[in-house]
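Structure data (PDB, C-alpha atoms) from model-v9.pdb:
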```pdb
ATOM      1  CA  MET A 594     -38.958 -25.495 -24.031
ATOM      2  CA  ALA A 595     -37.781 -24.080 -20.726
ATOM      3  CA  PRO A 596     -34.297 -22.557 -20.495
ATOM      4  CA  PRO A 597     -31.908 -25.392 -19.590
ATOM      5  CA  PRO A 598     -30.394 -25.252 -16.115
ATOM      6  CA  ALA A 599     -26.891 -25.640 -17.476
ATOM      7  CA  VAL A 600     -27.200 -22.646 -19.777
ATOM      8  CA  GLY A 601     -27.755 -19.119 -18.511
ATOM      9  CA  ALA A 602     -28.186 -15.887 -20.391
ATOM     10  CA  ARG A 603     -24.558 -14.956 -19.971
ATOM     11  CA  ARG A 604     -24.552 -11.653 -21.836
ATOM     12  CA  ARG A 605     -21.156 -10.078 -22.026
ATOM     13  CA  ALA A 606     -19.543  -7.291 -23.979
ATOM     14  CA  ARG A 607     -18.462  -8.470 -27.423
ATOM     15  CA  ALA A 608     -15.793  -6.955 -29.595
ATOM     16  CA  VAL A 609     -17.606  -8.165 -32.726
ATOM     17  CA  ARG A 610     -21.349  -8.327 -33.293
ATOM     18  CA  ILE A 611     -22.896 -11.752 -33.872
ATOM     19  CA  GLY A 612     -23.995 -12.187 -37.465
ATOM     20  CA  VAL A 613     -27.401 -13.878 -37.729
ATOM     21  CA  ILE A 614     -28.935 -15.393 -40.851
ATOM     22  CA  LEU A 615     -32.648 -16.205 -40.814
ATOM     23  CA  ALA A 616     -34.042 -19.137 -42.771
ATOM     24  CA  VAL A 617     -37.714 -18.769 -41.913
ATOM     25  CA  GLN A 618     -40.992 -18.352 -43.761
ATOM     26  CA  PRO A 619     -43.152 -16.485 -44.629
ATOM     27  CA  SER A 620     -41.305 -13.307 -45.567
ATOM     28  CA  LEU A 621     -43.326 -11.171 -43.132
ATOM     29  CA  TRP A 622     -42.358 -13.460 -40.233
ATOM     30  CA  CYS A 623     -38.717 -13.243 -41.321
ATOM     31  CA  GLU A 624     -38.837  -9.434 -41.469
ATOM     32  CA  LEU A 625     -40.519  -9.110 -38.064
ATOM     33  CA  LEU A 626     -38.069 -11.518 -36.459
ATOM     34  CA  ALA A 627     -35.143  -9.666 -38.025
ATOM     35  CA  ARG A 628     -36.360  -6.374 -36.545
ATOM     36  CA  ALA A 629     -36.827  -7.943 -33.112
ATOM     37  CA  LEU A 630     -33.339  -9.458 -33.093
ATOM     38  CA  SER A 631     -31.666  -6.314 -34.409
ATOM     39  CA  VAL A 632     -32.751  -4.414 -31.303
ATOM     40  CA  GLU A 633     -30.015  -6.308 -29.462
ATOM     41  CA  SER A 634     -26.789  -4.284 -29.592
ATOM     42  CA  ASP A 635     -24.591  -7.336 -30.186
ATOM     43  CA  LEU A 636     -26.740  -8.995 -32.875
ATOM     44  CA  GLU A 637     -26.788  -8.154 -36.570
ATOM     45  CA  VAL A 638     -29.216  -9.880 -38.930
ATOM     46  CA  THR A 639     -27.304 -10.061 -42.191
ATOM     47  CA  ALA A 640     -29.781 -11.867 -44.458
ATOM     48  CA  CYS A 641     -33.046 -13.760 -44.787
ATOM     49  CA  ALA A 642     -33.276 -16.956 -46.835
ATOM     50  CA  GLU A 643     -36.398 -18.731 -48.073
ATOM     51  CA  SER A 644     -34.783 -22.000 -49.169
ATOM     52  CA  GLU A 645     -31.796 -24.206 -48.477
ATOM     53  CA  GLU A 646     -30.160 -23.178 -51.745
ATOM     54  CA  GLU A 647     -30.452 -19.498 -50.882
ATOM     55  CA  LEU A 648     -29.216 -20.122 -47.361
ATOM     56  CA  ARG A 649     -26.097 -21.921 -48.563
ATOM     57  CA  ARG A 650     -25.356 -19.131 -51.078
ATOM     58  CA  ILE A 651     -25.361 -16.433 -48.421
ATOM     59  CA  LEU A 652     -23.527 -18.282 -45.655
ATOM     60  CA  PRO A 653     -20.466 -16.189 -44.769
ATOM     61  CA  PRO A 654     -17.358 -18.145 -45.800
ATOM     62  CA  GLY A 655     -15.081 -18.683 -42.808
ATOM     63  CA  THR A 656     -16.982 -16.204 -40.619
ATOM     64  CA  PRO A 657     -18.568 -17.479 -37.407
ATOM     65  CA  GLY A 658     -22.246 -16.751 -37.059
ATOM     66  CA  ILE A 659     -25.682 -18.093 -36.216
ATOM     67  CA  ALA A 660     -28.259 -19.519 -38.628
ATOM     68  CA  ILE A 661     -31.823 -19.656 -37.280
ATOM     69  CA  VAL A 662     -33.672 -22.333 -39.240
ATOM     70  CA  ASP A 663     -37.443 -22.812 -39.375
ATOM     71  CA  TYR A 664     -38.025 -26.535 -38.815
ATOM     72  CA  GLU A 665     -41.418 -26.680 -40.551
ATOM     73  CA  ALA A 666     -40.684 -24.259 -43.413
ATOM     74  CA  MET A 667     -37.401 -25.598 -44.775
ATOM     75  CA  GLY A 668     -38.656 -28.835 -46.310
ATOM     76  CA  PRO A 669     -39.534 -32.350 -45.157
ATOM     77  CA  ASN A 670     -36.082 -33.217 -43.775
ATOM     78  CA  THR A 671     -34.769 -30.363 -41.676
ATOM     79  CA  GLU A 672     -32.314 -32.686 -39.908
ATOM     80  CA  GLY A 673     -30.691 -33.422 -43.282
ATOM     81  CA  LEU A 674     -30.592 -29.707 -44.076
ATOM     82  CA  VAL A 675     -28.843 -28.994 -40.767
ATOM     83  CA  ALA A 676     -26.293 -31.723 -41.417
ATOM     84  CA  ARG A 677     -25.543 -30.374 -44.898
ATOM     85  CA  LEU A 678     -25.183 -26.813 -43.590
ATOM     86  CA  ARG A 679     -22.770 -27.950 -40.887
ATOM     87  CA  ARG A 680     -20.630 -29.730 -43.484
ATOM     88  CA  ALA A 681     -20.683 -26.728 -45.824
ATOM     89  CA  ALA A 682     -20.041 -24.116 -43.114
ATOM     90  CA  PRO A 683     -18.827 -25.731 -39.855
ATOM     91  CA  GLN A 684     -18.103 -22.297 -38.390
ATOM     92  CA  VAL A 685     -21.818 -21.399 -38.451
ATOM     93  CA  ARG A 686     -23.912 -22.635 -35.523
ATOM     94  CA  VAL A 687     -27.519 -23.592 -36.121
ATOM     95  CA  VAL A 688     -30.498 -22.824 -33.886
ATOM     96  CA  VAL A 689     -33.737 -24.509 -34.945
ATOM     97  CA  LEU A 690     -37.164 -22.916 -34.465
ATOM     98  CA  ALA A 691     -39.911 -25.526 -34.319
ATOM     99  CA  ARG A 692     -43.514 -26.078 -33.337
ATOM    100  CA  ARG A 693     -42.510 -29.553 -32.175
ATOM    101  CA  SER A 694     -40.111 -29.216 -29.263
ATOM    102  CA  GLY A 695     -40.322 -32.641 -27.642
ATOM    103  CA  ASP A 696     -37.264 -34.625 -26.616
ATOM    104  CA  GLU A 697     -37.222 -36.700 -29.824
ATOM    105  CA  THR A 698     -37.195 -33.631 -32.075
ATOM    106  CA  VAL A 699     -34.513 -31.898 -29.999
ATOM    107  CA  ALA A 700     -32.329 -35.020 -29.974
ATOM    108  CA  ALA A 701     -32.757 -35.415 -33.749
ATOM    109  CA  VAL A 702     -31.621 -31.874 -34.583
ATOM    110  CA  LEU A 703     -28.720 -32.116 -32.118
ATOM    111  CA  ARG A 704     -27.569 -35.347 -33.743
ATOM    112  CA  ALA A 705     -27.722 -33.586 -37.115
ATOM    113  CA  GLY A 706     -25.379 -30.887 -35.815
ATOM    114  CA  ALA A 707     -27.651 -28.106 -34.561
ATOM    115  CA  SER A 708     -26.576 -26.316 -31.403
ATOM    116  CA  GLY A 709     -30.086 -26.020 -30.036
ATOM    117  CA  LEU A 710     -33.828 -25.864 -30.592
ATOM    118  CA  VAL A 711     -36.319 -23.214 -29.478
ATOM    119  CA  SER A 712     -40.075 -23.722 -29.499
ATOM    120  CA  LYS A 713     -42.095 -21.300 -31.616
ATOM    121  CA  GLN A 714     -44.396 -20.946 -28.612
ATOM    122  CA  ALA A 715     -41.514 -19.622 -26.473
ATOM    123  CA  PRO A 716     -41.154 -15.879 -25.768
ATOM    124  CA  LEU A 717     -38.615 -13.805 -27.690
ATOM    125  CA  LYS A 718     -36.359 -13.685 -24.615
ATOM    126  CA  THR A 719     -35.881 -17.473 -24.819
ATOM    127  CA  LEU A 720     -34.714 -17.204 -28.428
ATOM    128  CA  LEU A 721     -32.339 -14.378 -27.500
ATOM    129  CA  ASP A 722     -30.947 -16.411 -24.601
ATOM    130  CA  ALA A 723     -30.469 -19.391 -26.919
ATOM    131  CA  VAL A 724     -28.658 -17.319 -29.569
ATOM    132  CA  HIS A 725     -26.291 -15.821 -26.998
ATOM    133  CA  ALA A 726     -25.627 -19.208 -25.388
ATOM    134  CA  VAL A 727     -24.918 -20.844 -28.753
ATOM    135  CA  ALA A 728     -22.652 -17.942 -29.744
ATOM    136  CA  ASP A 729     -20.692 -18.679 -26.549
ATOM    137  CA  GLY A 730     -20.151 -22.249 -27.756
ATOM    138  CA  GLN A 731     -22.867 -23.851 -25.628
ATOM    139  CA  VAL A 732     -25.716 -26.189 -26.525
ATOM    140  CA  TRP A 733     -29.298 -25.069 -25.882
ATOM    141  CA  ALA A 734     -30.766 -28.276 -24.499
ATOM    142  CA  ASN A 735     -31.159 -29.804 -21.098
ATOM    143  CA  ARG A 736     -28.702 -32.325 -19.682
ATOM    144  CA  GLN A 737     -31.067 -35.270 -20.047
ATOM    145  CA  ILE A 738     -31.412 -34.778 -23.803
ATOM    146  CA  THR A 739     -27.699 -34.179 -24.372
ATOM    147  CA  ALA A 740     -26.943 -37.303 -22.349
ATOM    148  CA  THR A 741     -29.316 -39.280 -24.589
ATOM    149  CA  VAL A 742     -27.599 -37.970 -27.732
ATOM    150  CA  ILE A 743     -24.204 -38.812 -26.264
ATOM    151  CA  ASP A 744     -25.345 -42.379 -25.620
ATOM    152  CA  GLN A 745     -26.407 -42.664 -29.256
ATOM    153  CA  LEU A 746     -23.072 -41.302 -30.495
ATOM    154  CA  ALA A 747     -20.873 -43.360 -28.191
ATOM    155  CA  THR A 748     -19.163 -46.641 -28.991
ATOM    156  CA  PRO A 749     -19.992 -49.714 -26.877
ATOM    157  CA  GLY A 750     -17.921 -50.014 -23.725
ATOM    158  CA  ARG A 751     -17.333 -46.306 -23.202
ATOM    159  CA  ALA A 752     -16.586 -44.864 -19.763
ATOM    160  CA  PRO A 753     -19.450 -45.331 -17.237
ATOM    161  CA  GLU A 754     -22.052 -42.539 -17.033
ATOM    162  CA  GLY A 755     -20.903 -39.699 -14.798
ATOM    163  CA  ASP A 756     -17.363 -41.060 -14.519
ATOM    164  CA  ALA A 757     -15.024 -38.580 -16.198
ATOM    165  CA  PRO A 758     -11.983 -40.230 -17.780
ATOM    166  CA  LEU A 759      -8.575 -38.947 -16.772
ATOM    167  CA  LEU A 760      -7.444 -36.479 -19.408
ATOM    168  CA  THR A 761      -4.194 -34.574 -19.371
ATOM    169  CA  ARG A 762      -4.135 -30.787 -19.115
ATOM    170  CA  ARG A 763      -3.318 -30.490 -22.811
ATOM    171  CA  GLU A 764      -6.087 -32.927 -23.764
ATOM    172  CA  TRP A 765      -8.590 -30.787 -21.846
ATOM    173  CA  GLN A 766      -7.334 -27.726 -23.735
ATOM    174  CA  VAL A 767      -7.939 -29.523 -27.026
ATOM    175  CA  VAL A 768     -11.397 -30.617 -25.860
ATOM    176  CA  ASP A 769     -12.225 -27.012 -24.931
ATOM    177  CA  ALA A 770     -11.160 -25.851 -28.381
ATOM    178  CA  VAL A 771     -13.190 -28.542 -30.148
ATOM    179  CA  ALA A 772     -16.233 -27.790 -27.978
ATOM    180  CA  GLY A 773     -15.846 -24.152 -29.045
ATOM    181  CA  GLY A 774     -16.060 -25.163 -32.704
ATOM    182  CA  LEU A 775     -12.396 -24.693 -33.663
ATOM    183  CA  THR A 776     -10.838 -26.766 -36.418
ATOM    184  CA  ASN A 777      -7.656 -28.754 -35.838
ATOM    185  CA  ARG A 778      -5.660 -26.035 -37.579
ATOM    186  CA  ALA A 779      -7.203 -23.261 -35.497
ATOM    187  CA  THR A 780      -6.688 -25.314 -32.338
ATOM    188  CA  ALA A 781      -3.032 -25.791 -33.220
ATOM    189  CA  ARG A 782      -2.562 -22.035 -33.686
ATOM    190  CA  LYS A 783      -4.363 -21.273 -30.423
ATOM    191  CA  LEU A 784      -2.287 -23.738 -28.381
ATOM    192  CA  GLY A 785       1.008 -23.175 -30.177
ATOM    193  CA  ILE A 786       1.391 -26.798 -31.250
ATOM    194  CA  SER A 787       1.370 -28.616 -34.564
ATOM    195  CA  GLU A 788      -1.800 -29.819 -36.275
ATOM    196  CA  LYS A 789      -0.428 -33.366 -36.121
ATOM    197  CA  THR A 790      -0.096 -33.058 -32.336
ATOM    198  CA  VAL A 791      -3.709 -31.858 -32.100
ATOM    199  CA  LYS A 792      -4.825 -34.966 -34.017
ATOM    200  CA  THR A 793      -2.812 -37.175 -31.669
ATOM    201  CA  HIS A 794      -4.422 -35.580 -28.620
ATOM    202  CA  LEU A 795      -7.870 -35.937 -30.157
ATOM    203  CA  ASN A 796      -7.288 -39.613 -30.911
ATOM    204  CA  ASN A 797      -6.260 -40.135 -27.289
ATOM    205  CA  VAL A 798      -9.354 -38.293 -26.058
ATOM    206  CA  PHE A 799     -11.669 -40.321 -28.282
ATOM    207  CA  ALA A 800     -10.036 -43.519 -27.039
ATOM    208  CA  LYS A 801     -10.501 -42.516 -23.400
ATOM    209  CA  THR A 802     -14.087 -41.267 -23.751
ATOM    210  CA  ARG A 803     -15.187 -43.900 -26.313
ATOM    211  CA  LEU A 804     -17.068 -41.193 -28.214
ATOM    212  CA  ARG A 805     -17.437 -40.905 -31.975
ATOM    213  CA  GLY A 806     -16.968 -37.486 -33.524
ATOM    214  CA  ARG A 807     -16.353 -33.900 -32.534
ATOM    215  CA  PHE A 808     -20.008 -33.061 -31.933
ATOM    216  CA  ALA A 809     -20.457 -35.879 -29.420
ATOM    217  CA  LEU A 810     -17.246 -34.757 -27.722
ATOM    218  CA  ALA A 811     -18.512 -31.168 -27.490
ATOM    219  CA  LEU A 812     -21.776 -32.311 -25.922
ATOM    220  CA  TRP A 813     -19.929 -34.547 -23.486
ATOM    221  CA  ALA A 814     -17.527 -31.780 -22.497
ATOM    222  CA  GLN A 815     -20.391 -29.497 -21.492
ATOM    223  CA  ASN A 816     -21.688 -32.127 -19.064
ATOM    224  CA  GLN A 817     -18.389 -32.799 -17.286
ATOM    225  CA  ILE A 818     -16.682 -30.988 -14.416
ATOM    226  CA  GLN A 819     -13.247 -30.337 -15.763
ATOM    227  CA  PRO A 820     -10.213 -30.560 -13.457
ATOM    228  CA  LYS A 821      -8.559 -27.250 -12.650
ATOM    229  CA  THR A 822      -5.590 -26.484 -14.853
TER     230      THR A 822
END
```
What is this file in structure tokens?
Amino acid sequence: MAPPPAVGARRRARAVRIGVILAVQPSLWCELLARALSVESDLEVTACAESEEELRRILPPGTPGIAIVDYEAMGPNTEGLVARLRRAAPQVRVVVLARRSGDETVAAVLRAGASGLVSKQAPLKTLLDAVHAVADGQVWANRQITATVIDQLATPGRAPEGDAPLLTRREWQVVDAVAGGLTNRATARKLGISEKTVKTHLNNVFAKTRLRGRFALALWAQNQIQPKT
């Protein structure tokens, strides 16, 4: 899977290292991957998990981080696993490693809540670029695939493709926060408004965009040119 044009390797100085949890098999592969990732000064591999149960036990409560999940090794329904992880720990972003990296597989894991997919045939640099992009709140997939997922998550009669609805400055700020993975409460604290007001703005945004859910909104936001505020 080639690096998407919309996502660059925007490495920047970080005050806090990115915690990475590996859910890959076999153990030797997990150990080698952990050593390769730990060479990066801003990455810290905190644990390796060999099953979904183990992965959920070691997920850091309330702490943002990255979980790298082996598509083929984690059971017959990795999409379901990703969805359950996102519900259990919404602050943790998921990057899927897979032998199958076609559009259908990428779209399936994105719909489940993953932030990207990297082919196992890709070089290490691609995985590093994906991890850094996802840590920055981006999605590691090309625009065509994200557009397809958006179509599948949108309600009938939504705004025409490529035609950005008119959002207020505050609504764009809420969209930015949601796209960055913040909860309503965290968004309210960041913007200095009440949680009820955040919900009102979100309802207005969903009505204008005709999208269903925060994930669809985050994908949509990354494919729009936002007005200057």
Neighbour list for stretch 662-667 of chain A as a PDB file with C-alpha atoms, in the coordinates of the input, cut-off 6 Å, all atoms listed in the file, skip fewer than 2 positions in-chain:
```pdb
ATOM      1  CA  ALA A 616     -34.042 -19.137 -42.771  1.00  0.00           C
ATOM      2  CA  VAL A 617     -37.714 -18.769 -41.913  1.00  0.00           C
ATOM      3  CA  GLN A 618     -40.992 -18.352 -43.761  1.00  0.00           C
ATOM      4  CA  THR A 671     -34.769 -30.363 -41.676  1.00  0.00           C
ATOM      5  CA  VAL A 689     -33.737 -24.509 -34.945  1.00  0.00           C
ATOM      6  CA  LEU A 690     -37.164 -22.916 -34.465  1.00  0.00           C
ATOM      7  CA  ALA A 691     -39.911 -25.526 -34.319  1.00  0.00           C
TER       8      ALA A 691
END
```
Exercise for review: Given the file shown, determine the residues that the PyMOL selection byres ((chain A and resi 759-774) around 9) selects; report them as an MDAnalysis selection string.
Suggested key: chainID A and resid 683:686 729:731 757:758 775:777 779:781 783:784 791 794:795 797:798 801 807:808 810:815 819:822
Practice item. Kindly resolve the PyMOL selection byres ((chain A and resi 705) around 7) on the present coordinates and return the residues as a VMD selection string. Key: chain A and resid 672 to 673 675 to 676 701 to 704 706 to 707
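In this model, the gap between atom CA of A:Glu643 and atom CA of A:Asp696 comes to 26.7 Å.
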Point to revise | Using all atoms listed in the file: which of A:Ala734, A:Cys623, A:Leu674, A:Ala681 has the shortest distance to A:Arg650 | key: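 Counting all atoms listed in the file, the residue closest to A:Arg650 is A:Ala681.
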Check your understanding: Using only C-alpha atoms, which residue out of A:Gly612, A:Ala726, A:Trp733, A:Glu646 lies closest to A:Gly709?
Key -> A:Trp733
Review point. For the atom pair atom CA of A:Glu697 and atom CA of A:Pro716, what is the interatomic distance in Å to one decimal place?
Key: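 Interatomic distance, atom CA of A:Glu697 to atom CA of A:Pro716: 21.6 Å.
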Point to revise | Between atom CA of A:Asp722 and atom CA of A:Ile661, distance in Å (one decimal) | key: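 Separation of atom CA of A:Asp722 and atom CA of A:Ile661: 13.1 Å.
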